[in-house]
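Novice: See final30.pdb below, with PDB, N, CA and C atoms.
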ATOM      1  N   MET A1311       0.568 -36.494 -56.482
ATOM      2  CA  MET A1311      -0.309 -35.367 -56.293
ATOM      3  C   MET A1311      -0.170 -34.446 -57.513
ATOM      4  N   SER A1312      -1.260 -33.951 -57.987
ATOM      5  CA  SER A1312      -1.210 -33.108 -59.167
ATOM      6  C   SER A1312      -0.679 -31.713 -58.838
ATOM      7  N   THR A1313      -0.324 -31.007 -59.873
ATOM      8  CA  THR A1313       0.241 -29.675 -59.706
ATOM      9  C   THR A1313      -0.740 -28.710 -59.064
ATOM     10  N   ILE A1314      -2.003 -28.807 -59.431
ATOM     11  CA  ILE A1314      -3.003 -27.890 -58.888
ATOM     12  C   ILE A1314      -3.174 -28.119 -57.382
ATOM     13  N   HIS A1315      -3.211 -29.386 -56.963
ATOM     14  CA  HIS A1315      -3.333 -29.675 -55.538
ATOM     15  C   HIS A1315      -2.107 -29.184 -54.769
ATOM     16  N   THR A1316      -0.952 -29.341 -55.374
ATOM     17  CA  THR A1316       0.279 -28.865 -54.739
ATOM     18  C   THR A1316       0.253 -27.356 -54.571
ATOM     19  N   LEU A1317      -0.161 -26.633 -55.606
ATOM     20  CA  LEU A1317      -0.228 -25.175 -55.529
ATOM     21  C   LEU A1317      -1.242 -24.720 -54.490
ATOM     22  N   ILE A1318      -2.382 -25.401 -54.423
ATOM     23  CA  ILE A1318      -3.392 -25.038 -53.426
ATOM     24  C   ILE A1318      -2.874 -25.296 -52.018
ATOM     25  N   ASN A1319      -2.229 -26.448 -51.823
ATOM     26  CA  ASN A1319      -1.678 -26.761 -50.506
ATOM     27  C   ASN A1319      -0.607 -25.754 -50.093
ATOM     28  N   PHE A1320       0.305 -25.438 -51.014
ATOM     29  CA  PHE A1320       1.326 -24.443 -50.710
ATOM     30  C   PHE A1320       0.706 -23.074 -50.459
ATOM     31  N   GLY A1321      -0.370 -22.742 -51.198
ATOM     32  CA  GLY A1321      -1.054 -21.474 -50.987
ATOM     33  C   GLY A1321      -1.639 -21.357 -49.594
ATOM     34  N   ILE A1322      -2.231 -22.438 -49.108
ATOM     35  CA  ILE A1322      -2.795 -22.435 -47.759
ATOM     36  C   ILE A1322      -1.688 -22.339 -46.716
ATOM     37  N   ILE A1323      -0.613 -23.093 -46.916
ATOM     38  CA  ILE A1323       0.502 -23.080 -45.961
ATOM     39  C   ILE A1323       1.181 -21.711 -45.938
ATOM     40  N   ILE A1324       1.480 -21.163 -47.100
ATOM     41  CA  ILE A1324       2.135 -19.846 -47.179
ATOM     42  C   ILE A1324       1.220 -18.770 -46.607
ATOM     43  N   GLY A1325      -0.078 -18.849 -46.877
ATOM     44  CA  GLY A1325      -1.026 -17.883 -46.321
ATOM     45  C   GLY A1325      -1.052 -17.915 -44.807
ATOM     46  N   SER A1326      -1.002 -19.113 -44.245
ATOM     47  CA  SER A1326      -1.009 -19.255 -42.786
ATOM     48  C   SER A1326       0.290 -18.732 -42.169
ATOM     49  N   ILE A1327       1.408 -19.062 -42.789
ATOM     50  CA  ILE A1327       2.702 -18.586 -42.281
ATOM     51  C   ILE A1327       2.792 -17.067 -42.384
ATOM     52  N   THR A1328       2.302 -16.525 -43.480
ATOM     53  CA  THR A1328       2.325 -15.077 -43.671
ATOM     54  C   THR A1328       1.478 -14.371 -42.620
ATOM     55  N   ALA A1329       0.287 -14.897 -42.354
ATOM     56  CA  ALA A1329      -0.569 -14.303 -41.328
ATOM     57  C   ALA A1329       0.113 -14.366 -39.967
ATOM     58  N   PHE A1330       0.768 -15.482 -39.667
ATOM     59  CA  PHE A1330       1.490 -15.604 -38.401
ATOM     60  C   PHE A1330       2.606 -14.562 -38.299
ATOM     61  N   ILE A1331       3.360 -14.363 -39.368
ATOM     62  CA  ILE A1331       4.464 -13.398 -39.337
ATOM     63  C   ILE A1331       3.943 -11.979 -39.143
ATOM     64  N   ILE A1332       2.851 -11.642 -39.811
ATOM     65  CA  ILE A1332       2.289 -10.294 -39.655
ATOM     66  C   ILE A1332       1.790 -10.076 -38.230
ATOM     67  N   ILE A1333       1.124 -11.078 -37.664
ATOM     68  CA  ILE A1333       0.657 -10.963 -36.278
ATOM     69  C   ILE A1333       1.858 -10.850 -35.330
ATOM     70  N   LEU A1334       2.915 -11.616 -35.598
ATOM     71  CA  LEU A1334       4.104 -11.587 -34.756
ATOM     72  C   LEU A1334       4.787 -10.223 -34.779
ATOM     73  N   ILE A1335       4.991  -9.649 -35.984
ATOM     74  CA  ILE A1335       5.665  -8.342 -36.025
ATOM     75  C   ILE A1335       4.782  -7.244 -35.443
ATOM     76  N   GLU A1336       3.473  -7.460 -35.489
ATOM     77  CA  GLU A1336       2.572  -6.491 -34.858
ATOM     78  C   GLU A1336       2.647  -6.591 -33.334
ATOM     79  N   LYS A1337       2.672  -7.804 -32.797
ATOM     80  CA  LYS A1337       2.746  -7.997 -31.346
ATOM     81  C   LYS A1337       4.080  -7.538 -30.773
ATOM     82  N   LEU A1338       5.151  -7.695 -31.547
ATOM     83  CA  LEU A1338       6.470  -7.266 -31.088
ATOM     84  C   LEU A1338       6.676  -5.756 -31.198
ATOM     85  N   GLY A1339       5.769  -5.079 -31.879
ATOM     86  CA  GLY A1339       5.867  -3.630 -32.021
ATOM     87  C   GLY A1339       6.719  -3.184 -33.188
ATOM     88  N   ILE A1340       7.239  -4.129 -33.937
ATOM     89  CA  ILE A1340       8.101  -3.791 -35.076
ATOM     90  C   ILE A1340       7.299  -3.064 -36.149
ATOM     91  N   ARG A1341       6.072  -3.472 -36.341
ATOM     92  CA  ARG A1341       5.240  -2.859 -37.380
ATOM     93  C   ARG A1341       4.991  -1.378 -37.094
ATOM     94  N   ASP A1342       4.691  -1.031 -35.849
ATOM     95  CA  ASP A1342       4.449   0.367 -35.495
ATOM     96  C   ASP A1342       5.713   1.205 -35.657
ATOM     97  N   ILE A1343       6.850   0.630 -35.304
ATOM     98  CA  ILE A1343       8.123   1.353 -35.463
ATOM     99  C   ILE A1343       8.394   1.634 -36.924
ATOM    100  N   ILE A1344       8.176   0.643 -37.781
ATOM    101  CA  ILE A1344       8.420   0.834 -39.219
ATOM    102  C   ILE A1344       7.439   1.840 -39.801
ATOM    103  N   ILE A1345       6.184   1.779 -39.378
ATOM    104  CA  ILE A1345       5.190   2.724 -39.897
ATOM    105  C   ILE A1345       5.545   4.158 -39.513
ATOM    106  N   SER A1346       6.055   4.351 -38.306
ATOM    107  CA  SER A1346       6.340   5.714 -37.849
ATOM    108  C   SER A1346       7.687   6.250 -38.333
ATOM    109  N   ARG A1347       8.673   5.381 -38.547
ATOM    110  CA  ARG A1347      10.020   5.862 -38.849
ATOM    111  C   ARG A1347      10.491   5.640 -40.278
ATOM    112  N   ALA A1348       9.872   4.753 -41.014
ATOM    113  CA  ALA A1348      10.347   4.405 -42.358
ATOM    114  C   ALA A1348       9.929   5.460 -43.373
ATOM    115  N   PRO A1349      10.577   5.449 -44.542
ATOM    116  CA  PRO A1349      10.122   6.321 -45.631
ATOM    117  C   PRO A1349       8.675   6.007 -46.015
ATOM    118  N   LYS A1350       8.072   6.922 -46.736
ATOM    119  CA  LYS A1350       6.641   6.858 -47.022
ATOM    120  C   LYS A1350       6.230   5.537 -47.682
ATOM    121  N   LEU A1351       7.005   5.034 -48.630
ATOM    122  CA  LEU A1351       6.650   3.804 -49.336
ATOM    123  C   LEU A1351       6.569   2.619 -48.374
ATOM    124  N   PHE A1352       7.583   2.438 -47.533
ATOM    125  CA  PHE A1352       7.571   1.326 -46.577
ATOM    126  C   PHE A1352       6.527   1.547 -45.489
ATOM    127  N   SER A1353       6.308   2.786 -45.117
ATOM    128  CA  SER A1353       5.294   3.092 -44.117
ATOM    129  C   SER A1353       3.908   2.689 -44.615
ATOM    130  N   GLN A1354       3.611   3.022 -45.851
ATOM    131  CA  GLN A1354       2.318   2.653 -46.419
ATOM    132  C   GLN A1354       2.211   1.151 -46.634
ATOM    133  N   LEU A1355       3.316   0.512 -47.008
ATOM    134  CA  LEU A1355       3.323  -0.932 -47.206
ATOM    135  C   LEU A1355       3.017  -1.667 -45.913
ATOM    136  N   PHE A1356       3.654  -1.271 -44.816
ATOM    137  CA  PHE A1356       3.440  -1.939 -43.542
ATOM    138  C   PHE A1356       2.103  -1.571 -42.911
ATOM    139  N   ASP A1357       1.482  -0.505 -43.367
ATOM    140  CA  ASP A1357       0.177  -0.099 -42.844
ATOM    141  C   ASP A1357      -0.962  -0.897 -43.487
ATOM    142  N   CYS A1358      -0.717  -1.482 -44.651
ATOM    143  CA  CYS A1358      -1.742  -2.206 -45.403
ATOM    144  C   CYS A1358      -1.540  -3.716 -45.219
ATOM    145  N   ASP A1359      -2.518  -4.397 -44.602
ATOM    146  CA  ASP A1359      -2.417  -5.843 -44.391
ATOM    147  C   ASP A1359      -2.345  -6.609 -45.703
ATOM    148  N   PHE A1360      -3.147  -6.189 -46.668
ATOM    149  CA  PHE A1360      -3.192  -6.881 -47.956
ATOM    150  C   PHE A1360      -1.841  -6.784 -48.673
ATOM    151  N   CYS A1361      -1.280  -5.592 -48.712
ATOM    152  CA  CYS A1361       0.011  -5.381 -49.387
ATOM    153  C   CYS A1361       1.132  -6.144 -48.691
ATOM    154  N   LEU A1362       1.157  -6.051 -47.380
ATOM    155  CA  LEU A1362       2.205  -6.706 -46.610
ATOM    156  C   LEU A1362       2.125  -8.222 -46.750
ATOM    157  N   SER A1363       0.920  -8.771 -46.721
ATOM    158  CA  SER A1363       0.795 -10.224 -46.873
ATOM    159  C   SER A1363       1.201 -10.669 -48.275
ATOM    160  N   PHE A1364       0.912  -9.862 -49.285
ATOM    161  CA  PHE A1364       1.333 -10.206 -50.642
ATOM    162  C   PHE A1364       2.852 -10.242 -50.753
ATOM    163  N   TRP A1365       3.528  -9.223 -50.269
ATOM    164  CA  TRP A1365       4.974  -9.159 -50.430
ATOM    165  C   TRP A1365       5.710 -10.170 -49.562
ATOM    166  N   ILE A1366       5.191 -10.492 -48.398
ATOM    167  CA  ILE A1366       5.798 -11.559 -47.596
ATOM    168  C   ILE A1366       5.616 -12.896 -48.304
ATOM    169  N   SER A1367       4.457 -13.106 -48.907
ATOM    170  CA  SER A1367       4.227 -14.332 -49.688
ATOM    171  C   SER A1367       5.167 -14.412 -50.879
ATOM    172  N   VAL A1368       5.404 -13.295 -51.532
ATOM    173  CA  VAL A1368       6.322 -13.278 -52.672
ATOM    174  C   VAL A1368       7.731 -13.689 -52.238
ATOM    175  N   ILE A1369       8.167 -13.211 -51.089
ATOM    176  CA  ILE A1369       9.495 -13.584 -50.591
ATOM    177  C   ILE A1369       9.581 -15.086 -50.362
ATOM    178  N   PHE A1370       8.562 -15.664 -49.717
ATOM    179  CA  PHE A1370       8.551 -17.109 -49.490
ATOM    180  C   PHE A1370       8.524 -17.888 -50.798
ATOM    181  N   VAL A1371       7.744 -17.422 -51.749
ATOM    182  CA  VAL A1371       7.614 -18.138 -53.014
ATOM    183  C   VAL A1371       8.904 -18.061 -53.824
ATOM    184  N   ILE A1372       9.600 -16.954 -53.770
ATOM    185  CA  ILE A1372      10.886 -16.873 -54.466
ATOM    186  C   ILE A1372      11.842 -17.918 -53.907
ATOM    187  N   ILE A1373      11.835 -18.097 -52.597
ATOM    188  CA  ILE A1373      12.672 -19.136 -51.978
ATOM    189  C   ILE A1373      12.212 -20.522 -52.434
ATOM    190  N   LEU A1374      10.896 -20.750 -52.471
ATOM    191  CA  LEU A1374      10.376 -22.041 -52.925
ATOM    192  C   LEU A1374      10.717 -22.324 -54.379
ATOM    193  N   VAL A1375      10.611 -21.320 -55.228
ATOM    194  CA  VAL A1375      10.947 -21.498 -56.643
ATOM    195  C   VAL A1375      12.420 -21.841 -56.789
ATOM    196  N   TYR A1376      13.257 -21.200 -56.007
ATOM    197  CA  TYR A1376      14.686 -21.481 -56.068
ATOM    198  C   TYR A1376      14.985 -22.908 -55.602
ATOM    199  N   ILE A1377      14.317 -23.366 -54.554
ATOM    200  CA  ILE A1377      14.556 -24.713 -54.022
ATOM    201  C   ILE A1377      13.991 -25.786 -54.957
ATOM    202  N   ASN A1378      12.744 -25.600 -55.400
ATOM    203  CA  ASN A1378      12.057 -26.638 -56.191
ATOM    204  C   ASN A1378      12.288 -26.527 -57.689
ATOM    205  N   LYS A1379      12.805 -25.411 -58.147
ATOM    206  CA  LYS A1379      13.022 -25.174 -59.582
ATOM    207  C   LYS A1379      11.722 -25.338 -60.381
ATOM    208  N   ASP A1380      10.630 -24.856 -59.793
ATOM    209  CA  ASP A1380       9.310 -24.955 -60.420
ATOM    210  C   ASP A1380       8.715 -23.559 -60.534
ATOM    211  N   ILE A1381       8.704 -23.019 -61.734
ATOM    212  CA  ILE A1381       8.257 -21.649 -61.976
ATOM    213  C   ILE A1381       6.744 -21.493 -61.788
ATOM    214  N   SER A1382       5.988 -22.603 -61.833
ATOM    215  CA  SER A1382       4.539 -22.502 -61.683
ATOM    216  C   SER A1382       4.134 -22.065 -60.273
ATOM    217  N   MET A1383       5.064 -22.106 -59.334
ATOM    218  CA  MET A1383       4.755 -21.680 -57.968
ATOM    219  C   MET A1383       4.601 -20.166 -57.835
ATOM    220  N   LEU A1384       4.913 -19.428 -58.886
ATOM    221  CA  LEU A1384       4.772 -17.970 -58.818
ATOM    222  C   LEU A1384       3.314 -17.523 -58.701
ATOM    223  N   ILE A1385       2.382 -18.434 -58.880
ATOM    224  CA  ILE A1385       0.965 -18.107 -58.721
ATOM    225  C   ILE A1385       0.546 -18.122 -57.252
ATOM    226  N   ILE A1386       1.356 -18.724 -56.386
ATOM    227  CA  ILE A1386       0.993 -18.904 -54.981
ATOM    228  C   ILE A1386       0.704 -17.589 -54.251
ATOM    229  N   PRO A1387       1.465 -16.492 -54.443
ATOM    230  CA  PRO A1387       1.111 -15.264 -53.716
ATOM    231  C   PRO A1387      -0.312 -14.774 -54.004
ATOM    232  N   PHE A1388      -0.802 -15.031 -55.209
ATOM    233  CA  PHE A1388      -2.160 -14.612 -55.538
ATOM    234  C   PHE A1388      -3.195 -15.498 -54.854
ATOM    235  N   LEU A1389      -2.818 -16.728 -54.520
ATOM    236  CA  LEU A1389      -3.719 -17.625 -53.796
ATOM    237  C   LEU A1389      -3.637 -17.407 -52.289
ATOM    238  N   SER A1390      -2.440 -17.131 -51.797
ATOM    239  CA  SER A1390      -2.245 -17.064 -50.349
ATOM    240  C   SER A1390      -2.594 -15.707 -49.736
ATOM    241  N   THR A1391      -2.555 -14.656 -50.521
ATOM    242  CA  THR A1391      -2.834 -13.323 -49.966
ATOM    243  C   THR A1391      -4.257 -13.198 -49.424
ATOM    244  N   PRO A1392      -5.286 -13.625 -50.170
ATOM    245  CA  PRO A1392      -6.635 -13.557 -49.571
ATOM    246  C   PRO A1392      -6.795 -14.446 -48.345
ATOM    247  N   ILE A1393      -6.090 -15.571 -48.316
ATOM    248  CA  ILE A1393      -6.161 -16.467 -47.161
ATOM    249  C   ILE A1393      -5.567 -15.787 -45.940
ATOM    250  N   SER A1394      -4.381 -15.217 -46.114
ATOM    251  CA  SER A1394      -3.743 -14.552 -44.971
ATOM    252  C   SER A1394      -4.521 -13.312 -44.556
ATOM    253  N   ARG A1395      -5.104 -12.614 -45.493
ATOM    254  CA  ARG A1395      -5.920 -11.432 -45.155
ATOM    255  C   ARG A1395      -7.152 -11.856 -44.368
ATOM    256  N   PHE A1396      -7.750 -12.992 -44.741
ATOM    257  CA  PHE A1396      -8.899 -13.504 -44.015
ATOM    258  C   PHE A1396      -8.511 -13.916 -42.581
ATOM    259  N   LEU A1397      -7.332 -14.517 -42.435
ATOM    260  CA  LEU A1397      -6.873 -14.941 -41.117
ATOM    261  C   LEU A1397      -6.534 -13.778 -40.187
ATOM    262  N   LEU A1398      -6.156 -12.643 -40.787
ATOM    263  CA  LEU A1398      -5.835 -11.478 -39.963
ATOM    264  C   LEU A1398      -7.126 -10.836 -39.462
TER     265      LEU A1398
END
So that I can check it, write out the structure of this file as structure tokens.
Specialist:
Amino acid sequence: MSTIHTLINFGIIIGSITAFIIILIEKLGIRDIIISRAPKLFSQLFDCDFCLSFWISVIFVIILVYINKDISMLIIPFLSTPISRFLL
């Protein structure tokens, strides 16, 4: 499989997982607690779906880069964020 197909596949998978995590923390009430009690920066971050999906994707991609030793995967958050935003 070529690198581009791999990046697209990982982008779709990471986008789906990110959307699931955001929906989960919203259903559990964790998101509302963080928005109301956290400092302003984290409060604004958790209030914005686009920002939150980007940073959750970045966390996953850092783990993937560490496991696969492939720096080209750093493009995945830019591919997966619109996907997860669309799913939300």
Novice: So that I can see what lies close to A:Phe1388, please list as a PyMOL selection string the residues with an atom at most 8 Å from it, counting all atoms listed in the file and leaving out residues fewer than 6 positions away in the same chain.
Specialist: chain A and resi 1321+1364+1367-1368
Novice: Go ahead and dump the residues you just picked, N, CA and C atoms, as a compact mmCIF listing (two decimals), in the frame of the given file.
Specialist:
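File selection.txt, as written:
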# COMPACT_ATOMS: atom_id res chain seq x y z
N GLY A 1321 -0.37 -22.74 -51.20
CA GLY A 1321 -1.05 -21.47 -50.99
C GLY A 1321 -1.64 -21.36 -49.59
N PHE A 1364 0.91 -9.86 -49.28
CA PHE A 1364 1.33 -10.21 -50.64
C PHE A 1364 2.85 -10.24 -50.75
N SER A 1367 4.46 -13.11 -48.91
CA SER A 1367 4.23 -14.33 -49.69
C SER A 1367 5.17 -14.41 -50.88
N VAL A 1368 5.40 -13.30 -51.53
CA VAL A 1368 6.32 -13.28 -52.67
C VAL A 1368 7.73 -13.69 -52.24
Novice: So that I can see what lies close to stretch 1333-1337 of chain A, please list as a short mmCIF file (atom, residue, chain, number, x, y, z; two decimals) with N, CA and C atoms, keeping the file's coordinate frame the residues with an atom at most 10 Å from it, counting only C-alpha atoms and leaving out residues fewer than 4 positions away in the same chain.
Specialist:
data_model
loop_
_atom_site.label_atom_id
_atom_site.label_comp_id
_atom_site.auth_asym_id
_atom_site.auth_seq_id
_atom_site.Cartn_x
_atom_site.Cartn_y
_atom_site.Cartn_z
N ILE A 1327 1.41 -19.06 -42.79
CA ILE A 1327 2.70 -18.59 -42.28
C ILE A 1327 2.79 -17.07 -42.38
N THR A 1328 2.30 -16.52 -43.48
CA THR A 1328 2.33 -15.08 -43.67
C THR A 1328 1.48 -14.37 -42.62
N ALA A 1329 0.29 -14.90 -42.35
CA ALA A 1329 -0.57 -14.30 -41.33
C ALA A 1329 0.11 -14.37 -39.97
N ARG A 1341 6.07 -3.47 -36.34
CA ARG A 1341 5.24 -2.86 -37.38
C ARG A 1341 4.99 -1.38 -37.09
N ASP A 1342 4.69 -1.03 -35.85
CA ASP A 1342 4.45 0.37 -35.49
C ASP A 1342 5.71 1.20 -35.66
N ILE A 1343 6.85 0.63 -35.30
CA ILE A 1343 8.12 1.35 -35.46
C ILE A 1343 8.39 1.63 -36.92
N PHE A 1356 3.65 -1.27 -44.82
CA PHE A 1356 3.44 -1.94 -43.54
C PHE A 1356 2.10 -1.57 -42.91
N LEU A 1397 -7.33 -14.52 -42.44
CA LEU A 1397 -6.87 -14.94 -41.12
C LEU A 1397 -6.53 -13.78 -40.19
N LEU A 1398 -6.16 -12.64 -40.79
CA LEU A 1398 -5.84 -11.48 -39.96
C LEU A 1398 -7.13 -10.84 -39.46
#
Novice: Near stretch 1378-1387 of chain A, within 9 Å and counting only C-alpha atoms, which residues show up once chain neighbours fewer than 3 positions away are dropped, as a list of chain:residue names?
Specialist: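 Neighbouring residues, sequence-local ones excluded: A:Thr1313, A:Leu1317, A:Ile1318, A:Phe1320, A:Gly1321, A:Ile1322, A:Ile1324, A:Gly1325, A:Ser1363, A:Phe1364, A:Trp1365, A:Ile1366, A:Ser1367, A:Val1368, A:Phe1370, A:Val1371, A:Ile1372, A:Ile1373, A:Leu1374, A:Val1375, A:Ser1390, A:Thr1391, A:Pro1392.
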Novice: Which value, in Å to one decimal, gives the distance between atom N of A:Gln1354 and atom CA of A:Ile1332?
Specialist: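 Between atom N of A:Gln1354 and atom CA of A:Ile1332 the gap is 14.7 Å.
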Novice: One decimal, in Å: what's the spacing between atom N of A:Ile1331 and atom N of A:Ser1312?
Specialist: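 Atom N of A:Ile1331 sits 27.4 Å away from atom N of A:Ser1312.
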Novice: What separation in Å, quoted to one decimal, exists between atom CA of A:Ile1344 and atom CA of A:Asp1357?
Specialist: 9.1 Å
Novice: Quick one: DSSP alpha helix (DSSP H) residues in stretch 1353-1390 of chain A, as number ranges by chain?
Specialist: A: 1353-1357, 1359-1378, 1386-1390
Novice: From the options A:Asp1359, A:Ser1346, A:His1315, A:Phe1352, which residue's atoms come nearest to A:Arg1395, counting only N, CA and C atoms?
Specialist: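 Using only N, CA and C atoms, A:Arg1395 sits closest to A:Asp1359.
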